[in-house]
$ cat my_file.tsv   # TSV, C-alpha atoms
chain	number	residue	atom	x	y	z
A	1	LYS	CA	0.00	0.00	0.00
A	2	ALA	CA	1.08	3.58	-0.60
A	3	GLY	CA	3.00	5.28	2.18
A	4	VAL	CA	2.52	8.68	3.73
A	5	THR	CA	2.71	11.33	1.00
A	6	GLN	CA	3.80	14.88	1.71
A	7	THR	CA	3.70	17.72	-0.77
A	8	PRO	CA	5.59	19.70	-1.78
A	9	ARG	CA	9.00	18.16	-1.06
A	10	TYR	CA	10.80	21.50	-1.11
A	11	LEU	CA	9.61	25.03	-0.58
A	12	ILE	CA	11.28	28.44	-0.41
A	13	LYS	CA	9.34	31.30	1.11
A	14	THR	CA	10.07	34.86	2.18
A	15	ARG	CA	9.78	36.16	5.72
A	16	GLY	CA	6.27	37.31	6.48
A	17	GLN	CA	4.61	35.02	3.97
A	18	GLN	CA	2.40	32.10	4.87
A	19	VAL	CA	2.69	28.50	3.75
A	20	THR	CA	0.47	25.42	3.59
A	21	LEU	CA	1.88	21.91	3.64
A	22	SER	CA	-0.12	18.82	2.75
A	23	CYS	CA	-0.07	15.25	4.04
A	24	SER	CA	-1.94	12.20	2.78
A	25	PRO	CA	-1.78	9.36	5.33
A	26	ILE	CA	-1.68	5.67	4.62
A	27	SER	CA	-5.10	4.44	3.55
A	28	GLY	CA	-7.07	3.49	6.64
A	29	HIS	CA	-4.93	5.53	8.99
A	30	ARG	CA	-7.02	8.09	10.82
A	31	SER	CA	-4.41	9.68	13.07
A	32	VAL	CA	-2.04	12.24	11.57
A	33	SER	CA	0.72	13.99	13.50
A	34	TRP	CA	3.07	16.74	12.44
A	35	TYR	CA	6.66	17.21	13.59
A	36	GLN	CA	9.31	19.84	12.97
A	37	GLN	CA	12.90	18.67	12.63
A	38	THR	CA	15.77	21.10	13.05
A	39	PRO	CA	19.46	20.27	13.54
A	40	GLY	CA	20.22	19.42	17.15
A	41	GLN	CA	16.58	19.60	18.25
A	42	GLY	CA	15.35	16.27	17.05
A	43	LEU	CA	11.71	16.03	16.14
A	44	GLN	CA	9.49	18.56	17.87
A	45	PHE	CA	5.82	17.63	18.13
A	46	LEU	CA	3.45	20.14	16.54
A	47	PHE	CA	0.00	18.57	16.73
A	48	GLU	CA	-2.03	15.41	16.21
A	49	TYR	CA	-5.34	15.09	14.43
A	50	PHE	CA	-7.82	12.25	14.60
A	51	SER	CA	-11.21	12.19	12.91
A	52	GLU	CA	-10.90	15.85	11.92
A	53	THR	CA	-10.27	16.92	15.53
A	54	GLN	CA	-7.05	18.20	17.03
A	55	ARG	CA	-6.23	15.76	19.82
A	56	ASN	CA	-2.94	17.12	21.07
A	57	LYS	CA	-0.81	20.18	20.52
A	58	GLY	CA	2.87	20.87	21.14
A	59	ASN	CA	4.53	24.06	22.34
A	60	PHE	CA	4.45	26.06	19.17
A	61	PRO	CA	3.07	29.59	18.67
A	62	GLY	CA	-0.36	30.18	17.23
A	63	ARG	CA	1.20	30.92	13.82
A	64	PHE	CA	1.29	27.14	13.41
A	65	SER	CA	-2.08	25.60	12.72
A	66	GLY	CA	-3.49	22.55	11.06
A	67	ARG	CA	-6.60	20.76	10.05
A	68	GLN	CA	-7.75	17.34	8.96
A	69	PHE	CA	-10.33	16.52	6.35
A	70	SER	CA	-12.94	13.77	6.31
A	71	ASN	CA	-10.68	11.61	4.14
A	72	SER	CA	-7.96	11.92	6.86
A	73	ARG	CA	-5.74	14.10	4.69
A	74	SER	CA	-4.17	16.87	6.72
A	75	GLU	CA	-2.77	20.31	6.07
A	76	MET	CA	-0.45	22.39	8.16
A	77	ASN	CA	-0.30	26.16	7.87
A	78	VAL	CA	2.35	28.56	9.09
A	79	SER	CA	1.57	32.26	8.91
A	80	THR	CA	3.93	35.22	9.12
A	81	LEU	CA	6.97	33.08	8.44
A	82	GLU	CA	10.19	33.70	10.36
A	83	LEU	CA	13.72	32.65	9.46
A	84	GLY	CA	13.66	30.20	12.39
A	85	ASP	CA	10.79	28.32	10.80
A	86	SER	CA	13.21	26.86	8.27
A	87	ALA	CA	13.10	23.13	8.96
A	88	LEU	CA	12.03	19.74	7.73
A	89	TYR	CA	8.34	19.24	8.46
A	90	LEU	CA	7.36	15.61	8.86
A	91	CYS	CA	3.94	14.10	8.83
A	92	ALA	CA	3.25	10.73	10.40
A	93	SER	CA	0.18	8.55	10.41
A	94	LYS	CA	-1.08	5.59	12.36
A	95	PRO	CA	-4.38	3.73	12.53
A	96	THR	CA	-5.69	5.19	15.79
A	97	ALA	CA	-5.08	8.06	18.13
A	98	GLY	CA	-3.23	6.97	21.24
A	99	GLY	CA	-2.81	3.21	21.29
A	100	ALA	CA	0.78	2.23	21.96
A	101	ASN	CA	0.71	-0.80	19.71
A	102	TYR	CA	1.52	0.98	16.53
A	103	GLY	CA	4.49	3.11	15.67
A	104	TYR	CA	4.12	6.03	13.34
A	105	THR	CA	4.75	5.75	9.63
A	106	PHE	CA	6.45	8.92	8.49
A	107	GLY	CA	6.40	10.68	5.16
A	108	SER	CA	9.59	11.97	3.55
A	109	GLY	CA	8.90	15.48	4.74
A	110	THR	CA	8.69	18.97	3.30
A	111	ARG	CA	11.90	20.98	3.47
A	112	LEU	CA	10.89	24.60	4.10
A	113	THR	CA	13.45	27.35	3.68
A	114	VAL	CA	12.55	30.87	4.76
A	115	VAL	CA	14.70	33.62	3.30
B	1	ASP	CA	13.86	21.12	29.01
B	2	GLN	CA	14.42	17.96	27.00
B	3	GLN	CA	12.38	15.05	28.28
B	4	VAL	CA	14.21	12.60	26.02
B	5	LYS	CA	17.96	12.88	25.72
B	6	GLN	CA	20.46	11.23	23.44
B	7	ASN	CA	23.73	12.53	24.76
B	8	SER	CA	25.93	11.21	21.96
B	9	PRO	CA	25.40	13.26	18.80
B	10	SER	CA	27.49	10.78	16.83
B	11	LEU	CA	28.99	7.30	17.05
B	12	SER	CA	31.44	5.44	14.80
B	13	VAL	CA	31.68	1.67	14.83
B	14	GLN	CA	33.61	-0.87	12.78
B	15	GLU	CA	31.58	-3.16	10.52
B	16	GLY	CA	30.76	-6.43	12.29
B	17	ARG	CA	31.08	-4.96	15.79
B	18	ILE	CA	28.29	-4.00	18.16
B	19	SER	CA	26.67	-0.55	18.04
B	20	ILE	CA	25.14	0.70	21.27
B	21	LEU	CA	22.95	3.78	21.15
B	22	ASN	CA	21.75	5.27	24.41
B	23	CYS	CA	18.70	7.24	25.41
B	24	ASP	CA	17.65	8.76	28.74
B	25	TYR	CA	14.29	10.16	29.72
B	26	THR	CA	13.05	12.24	32.60
B	27	ASN	CA	9.28	11.70	32.64
B	28	SER	CA	8.36	8.71	34.81
B	29	MET	CA	4.94	8.59	33.10
B	30	PHE	CA	6.50	7.40	29.85
B	31	ASP	CA	5.50	3.79	29.31
B	32	TYR	CA	6.18	3.10	25.64
B	33	PHE	CA	9.39	3.65	23.71
B	34	LEU	CA	10.33	3.51	20.06
B	35	TRP	CA	13.49	3.67	18.00
B	36	TYR	CA	13.49	5.15	14.52
B	37	LYS	CA	16.17	5.24	11.85
B	38	LYS	CA	16.45	8.13	9.42
B	39	TYR	CA	18.41	8.38	6.19
B	40	PRO	CA	19.04	11.79	4.59
B	41	ALA	CA	16.12	13.14	2.56
B	42	GLU	CA	13.80	10.42	3.90
B	43	GLY	CA	11.33	10.29	6.75
B	44	PRO	CA	12.19	8.26	9.86
B	45	THR	CA	11.36	4.57	9.68
B	46	PHE	CA	10.19	2.55	12.65
B	47	LEU	CA	12.75	0.06	13.95
B	48	ILE	CA	11.69	-1.46	17.21
B	49	SER	CA	9.60	-0.69	20.27
B	50	ILE	CA	9.36	-1.68	23.90
B	51	SER	CA	6.70	-1.17	26.53
B	52	SER	CA	7.41	-0.57	30.19
B	53	ILE	CA	6.23	-4.04	31.15
B	54	LYS	CA	9.30	-5.50	29.46
B	55	ASP	CA	13.00	-4.93	29.89
B	56	LYS	CA	14.11	-6.35	26.56
B	57	ASN	CA	12.78	-6.71	23.04
B	58	GLU	CA	14.63	-8.34	20.20
B	59	ASP	CA	14.12	-8.22	16.45
B	60	GLY	CA	16.83	-9.75	14.34
B	61	ARG	CA	20.03	-7.76	14.73
B	62	PHE	CA	18.28	-5.13	16.85
B	63	THR	CA	17.68	-5.39	20.57
B	64	VAL	CA	16.29	-2.69	22.83
B	65	PHE	CA	16.89	-2.75	26.57
B	66	LEU	CA	14.87	-0.76	29.08
B	67	ASN	CA	16.00	0.09	32.60
B	68	LYS	CA	13.00	1.77	34.20
B	69	SER	CA	14.67	2.59	37.49
B	70	ALA	CA	17.44	4.42	35.67
B	71	LYS	CA	15.05	5.86	33.06
B	72	HIS	CA	17.41	4.60	30.43
B	73	LEU	CA	17.07	2.60	27.26
B	74	SER	CA	19.58	1.43	24.73
B	75	LEU	CA	19.53	0.02	21.22
B	76	HIS	CA	22.05	-2.68	20.36
B	77	ILE	CA	22.83	-3.53	16.75
B	78	VAL	CA	24.79	-6.73	16.26
B	79	PRO	CA	26.56	-7.15	13.92
B	80	SER	CA	26.70	-3.61	12.57
B	81	GLN	CA	26.58	-3.18	8.81
B	82	PRO	CA	27.44	-0.18	6.62
B	83	GLY	CA	23.75	0.11	5.68
B	84	ASP	CA	22.99	0.83	9.33
B	85	SER	CA	24.70	4.22	8.97
B	86	ALA	CA	21.91	6.71	9.69
B	87	VAL	CA	20.53	8.97	12.38
B	88	TYR	CA	18.75	7.07	15.15
B	89	PHE	CA	15.98	8.70	17.15
B	90	CYS	CA	14.65	7.48	20.44
B	91	ALA	CA	11.01	8.36	21.22
B	92	ALA	CA	8.91	8.01	24.35
B	93	SER	CA	5.23	8.36	25.10
B	94	SER	CA	2.65	8.01	27.79
B	95	TYR	CA	-0.28	5.80	26.76
B	96	GLY	CA	0.83	6.00	23.14
B	97	GLN	CA	0.14	9.69	22.78
B	98	ASN	CA	2.40	12.63	21.94
B	99	PHE	CA	5.59	10.79	21.23
B	100	VAL	CA	8.54	12.88	22.40
B	101	PHE	CA	11.66	12.41	20.34
B	102	GLY	CA	15.28	12.79	21.32
B	103	PRO	CA	17.73	14.86	19.24
B	104	GLY	CA	19.14	11.79	17.50
B	105	THR	CA	22.50	10.03	17.26
B	106	ARG	CA	24.32	9.78	13.95
B	107	LEU	CA	25.75	6.27	13.56
B	108	SER	CA	28.56	5.67	11.09
B	109	VAL	CA	29.50	2.05	10.43
B	110	LEU	CA	32.93	1.90	8.88
B	111	PRO	CA	33.76	-0.90	6.41

$ encode --input "my_file.tsv" --output "structure tokens"
Amino acid sequence: KAGVTQTPRYLIKTRGQQVTLSCSPISGHRSVSWYQQTPGQGLQFLFEYFSETQRNKGNFPGRFSGRQFSNSRSEMNVSTLELGDSALYLCASKPTAGGANYGYTFGSGTRLTVV
Amino acid sequence: DQQVKQNSPSLSVQEGRISILNCDYTNSMFDYFLWYKKYPAEGPTFLISISSIKDKNEDGRFTVFLNKSAKHLSLHIVPSQPGDSAVYFCAASSYGQNFVFGPGTRLSVLP
């Protein structure tokens, strides 16, 4: 079956702009989580969506938002971009929210560069 | 305040020898732990997991050990192969929610 698909793969934006990233989870997976990866910081949790509802949220400012559609696809939006938002944004899906029996399946990520 | 720490940013090991990657956590509520491997330009891939009711889980060349009293887990790779060269992330969660990842350890397996 197809894996987690993230689009676009690469993106260059200017400070102050906004950006929308897209994630299509594995078919049948209803939980989608977003992570930000920067050098030395590992993967920082942004938020998790399940059945179109935000279940959990990490410690990121309100400029970071997301949503999930009825087909489980998810989008992440960052407004008023700052240079420090440059990172690899990873989407991960799993069948259910919570439930320790399944690890995440990650997409390849979107590399965002803010100039 | 990092709840999951991987204090070695990098590790080099000779092919065929054992690789030991370490991870420490601070939150005693964590009860489920994962290891992921990440190659450049790819998303992390799930390697192996362990729940707090166990102290060891083995899958082929990969074994994860959990020491709950020390809040420490380690990943052993035996024997190490050049294809194992990647960044390894440790992740921890409470009740399978909000996995917290460590900063990663870059493993280089030298031929």

$ atom_distance --input "my_file.tsv" --atom1 "CA of Thr110 (chain A)" --atom2 "CA of Gln41 (chain A)"
16.9 Å

$ closest_residue --input "my_file.tsv" --among "A:Arg9, A:Arg55, A:Arg63, A:Lys94" --to "Leu21 (chain A)" --atoms "all atoms listed in the file"
A:Arg9

$ residues_around --input "my_file.tsv" --residues "Phe46 (chain B)" --least-positions-apart "3" --cutoff "12 Å" --atoms "all atoms listed in the file" --output "PyMOL selection string"
(chain A and resi 92-94+102-107) or (chain B and resi 33-39+43+49+62+88-91)

$ interface_residues --input "my_file.tsv" --of "chain A" --to "chain B" --cutoff "10 Å" --atoms "all atoms listed in the file" --output "PyMOL selection string"
chain A and resi 4+9+33+35+37-48+55-58+88-92+96-111

$ atom_distance --input "my_file.tsv" --atom1 "CA of Ala2 (chain A)" --atom2 "CA of Ser72 (chain A)"
14.4 Å

$ atom_distance --input "my_file.tsv" --atom1 "CA of Asn77 (chain A)" --atom2 "CA of Arg30 (chain A)"
19.5 Å

$ residues_around --input "my_file.tsv" --residues "Ser10 (chain B)" --least-positions-apart "3" --cutoff "9 Å" --atoms "all atoms listed in the file" --output "ChimeraX atom specification"
/B:7,87,104-108

$ residues_around --input "my_file.tsv" --residues "Gln18 (chain A)" --least-positions-apart "6" --cutoff "9 Å" --atoms "all atoms listed in the file" --output "list of chain:residue names"
A:Asn77, A:Val78, A:Ser79, A:Thr80, A:Leu81

$ residues_around --input "my_file.tsv" --residues "Glu52 (chain A)" --least-positions-apart "3" --cutoff "10 Å" --atoms "all atoms listed in the file" --output "PyMOL selection string"
chain A and resi 30-32+48-49+55+67-74

$ build_atoms --input "my_file.tsv" --residues "region 70-81 of chain A" --atoms "all heavy atoms" --output "tab-separated table (two decimals), keeping the file's coordinate frame"
chain	number	residue	atom	x	y	z
A	70	SER	N	-12.19	15.01	6.06
A	70	SER	CA	-12.94	13.77	6.31
A	70	SER	C	-12.25	12.54	5.71
A	70	SER	O	-12.49	11.42	6.16
A	70	SER	CB	-14.36	13.91	5.76
A	70	SER	OG	-14.33	14.18	4.37
A	71	ASN	N	-11.40	12.75	4.71
A	71	ASN	CA	-10.68	11.61	4.14
A	71	ASN	C	-9.34	11.37	4.85
A	71	ASN	O	-8.50	10.62	4.35
A	71	ASN	CB	-10.44	11.82	2.64
A	71	ASN	CG	-9.60	13.04	2.35
A	71	ASN	OD1	-9.21	13.77	3.27
A	71	ASN	ND2	-9.31	13.30	1.07
A	72	SER	N	-9.15	12.02	5.99
A	72	SER	CA	-7.96	11.92	6.86
A	72	SER	C	-6.75	12.70	6.35
A	72	SER	O	-5.76	12.79	7.06
A	72	SER	CB	-7.55	10.45	7.12
A	72	SER	OG	-8.54	9.80	7.86
A	73	ARG	N	-6.84	13.24	5.15
A	73	ARG	CA	-5.74	14.10	4.69
A	73	ARG	C	-5.62	15.30	5.62
A	73	ARG	O	-6.62	15.78	6.19
A	73	ARG	CB	-6.00	14.55	3.26
A	73	ARG	CG	-4.81	15.27	2.60
A	73	ARG	CD	-5.12	15.64	1.16
A	73	ARG	NE	-6.09	16.72	1.06
A	73	ARG	CZ	-5.78	18.01	1.11
A	73	ARG	NH1	-4.53	18.39	1.27
A	73	ARG	NH2	-6.74	18.92	1.00
A	74	SER	N	-4.39	15.76	5.78
A	74	SER	CA	-4.17	16.87	6.72
A	74	SER	C	-3.35	17.96	6.06
A	74	SER	O	-2.55	17.70	5.15
A	74	SER	CB	-3.46	16.35	7.97
A	74	SER	OG	-3.18	17.40	8.87
A	75	GLU	N	-3.58	19.17	6.49
A	75	GLU	CA	-2.77	20.31	6.07
A	75	GLU	C	-2.23	21.01	7.29
A	75	GLU	O	-2.86	21.04	8.36
A	75	GLU	CB	-3.62	21.30	5.25
A	75	GLU	CG	-3.96	20.84	3.87
A	75	GLU	CD	-4.76	21.87	3.08
A	75	GLU	OE1	-5.24	22.86	3.69
A	75	GLU	OE2	-4.92	21.68	1.87
A	76	MET	N	-1.05	21.59	7.11
A	76	MET	CA	-0.45	22.39	8.16
A	76	MET	C	-0.17	23.77	7.59
A	76	MET	O	0.32	23.87	6.46
A	76	MET	CB	0.86	21.76	8.62
A	76	MET	CG	1.43	22.35	9.87
A	76	MET	SD	3.13	21.82	10.11
A	76	MET	CE	3.97	23.27	9.53
A	77	ASN	N	-0.49	24.79	8.33
A	77	ASN	CA	-0.30	26.16	7.87
A	77	ASN	C	0.61	26.92	8.83
A	77	ASN	O	0.47	26.78	10.05
A	77	ASN	CB	-1.66	26.86	7.77
A	77	ASN	CG	-1.55	28.24	7.16
A	77	ASN	OD1	-1.27	29.19	7.87
A	77	ASN	ND2	-1.73	28.33	5.86
A	78	VAL	N	1.52	27.67	8.26
A	78	VAL	CA	2.35	28.56	9.09
A	78	VAL	C	2.19	29.96	8.53
A	78	VAL	O	2.43	30.19	7.34
A	78	VAL	CB	3.85	28.16	9.07
A	78	VAL	CG1	4.61	29.00	10.09
A	78	VAL	CG2	4.02	26.68	9.34
A	79	SER	N	1.76	30.88	9.36
A	79	SER	CA	1.57	32.26	8.91
A	79	SER	C	2.75	33.12	9.40
A	79	SER	O	3.48	32.74	10.31
A	79	SER	CB	0.25	32.81	9.46
A	79	SER	OG	0.28	32.82	10.88
A	80	THR	N	2.89	34.27	8.76
A	80	THR	CA	3.93	35.22	9.12
A	80	THR	C	5.27	34.51	9.37
A	80	THR	O	5.83	34.52	10.46
A	80	THR	CB	3.53	36.01	10.39
A	80	THR	OG1	2.16	36.34	10.36
A	80	THR	CG2	4.32	37.32	10.46
A	81	LEU	N	5.77	33.90	8.33
A	81	LEU	CA	6.97	33.08	8.44
A	81	LEU	C	8.16	33.86	8.98
A	81	LEU	O	8.36	35.04	8.66
A	81	LEU	CB	7.33	32.50	7.07
A	81	LEU	CG	6.47	31.32	6.61
A	81	LEU	CD1	6.67	31.07	5.13
A	81	LEU	CD2	6.80	30.07	7.41
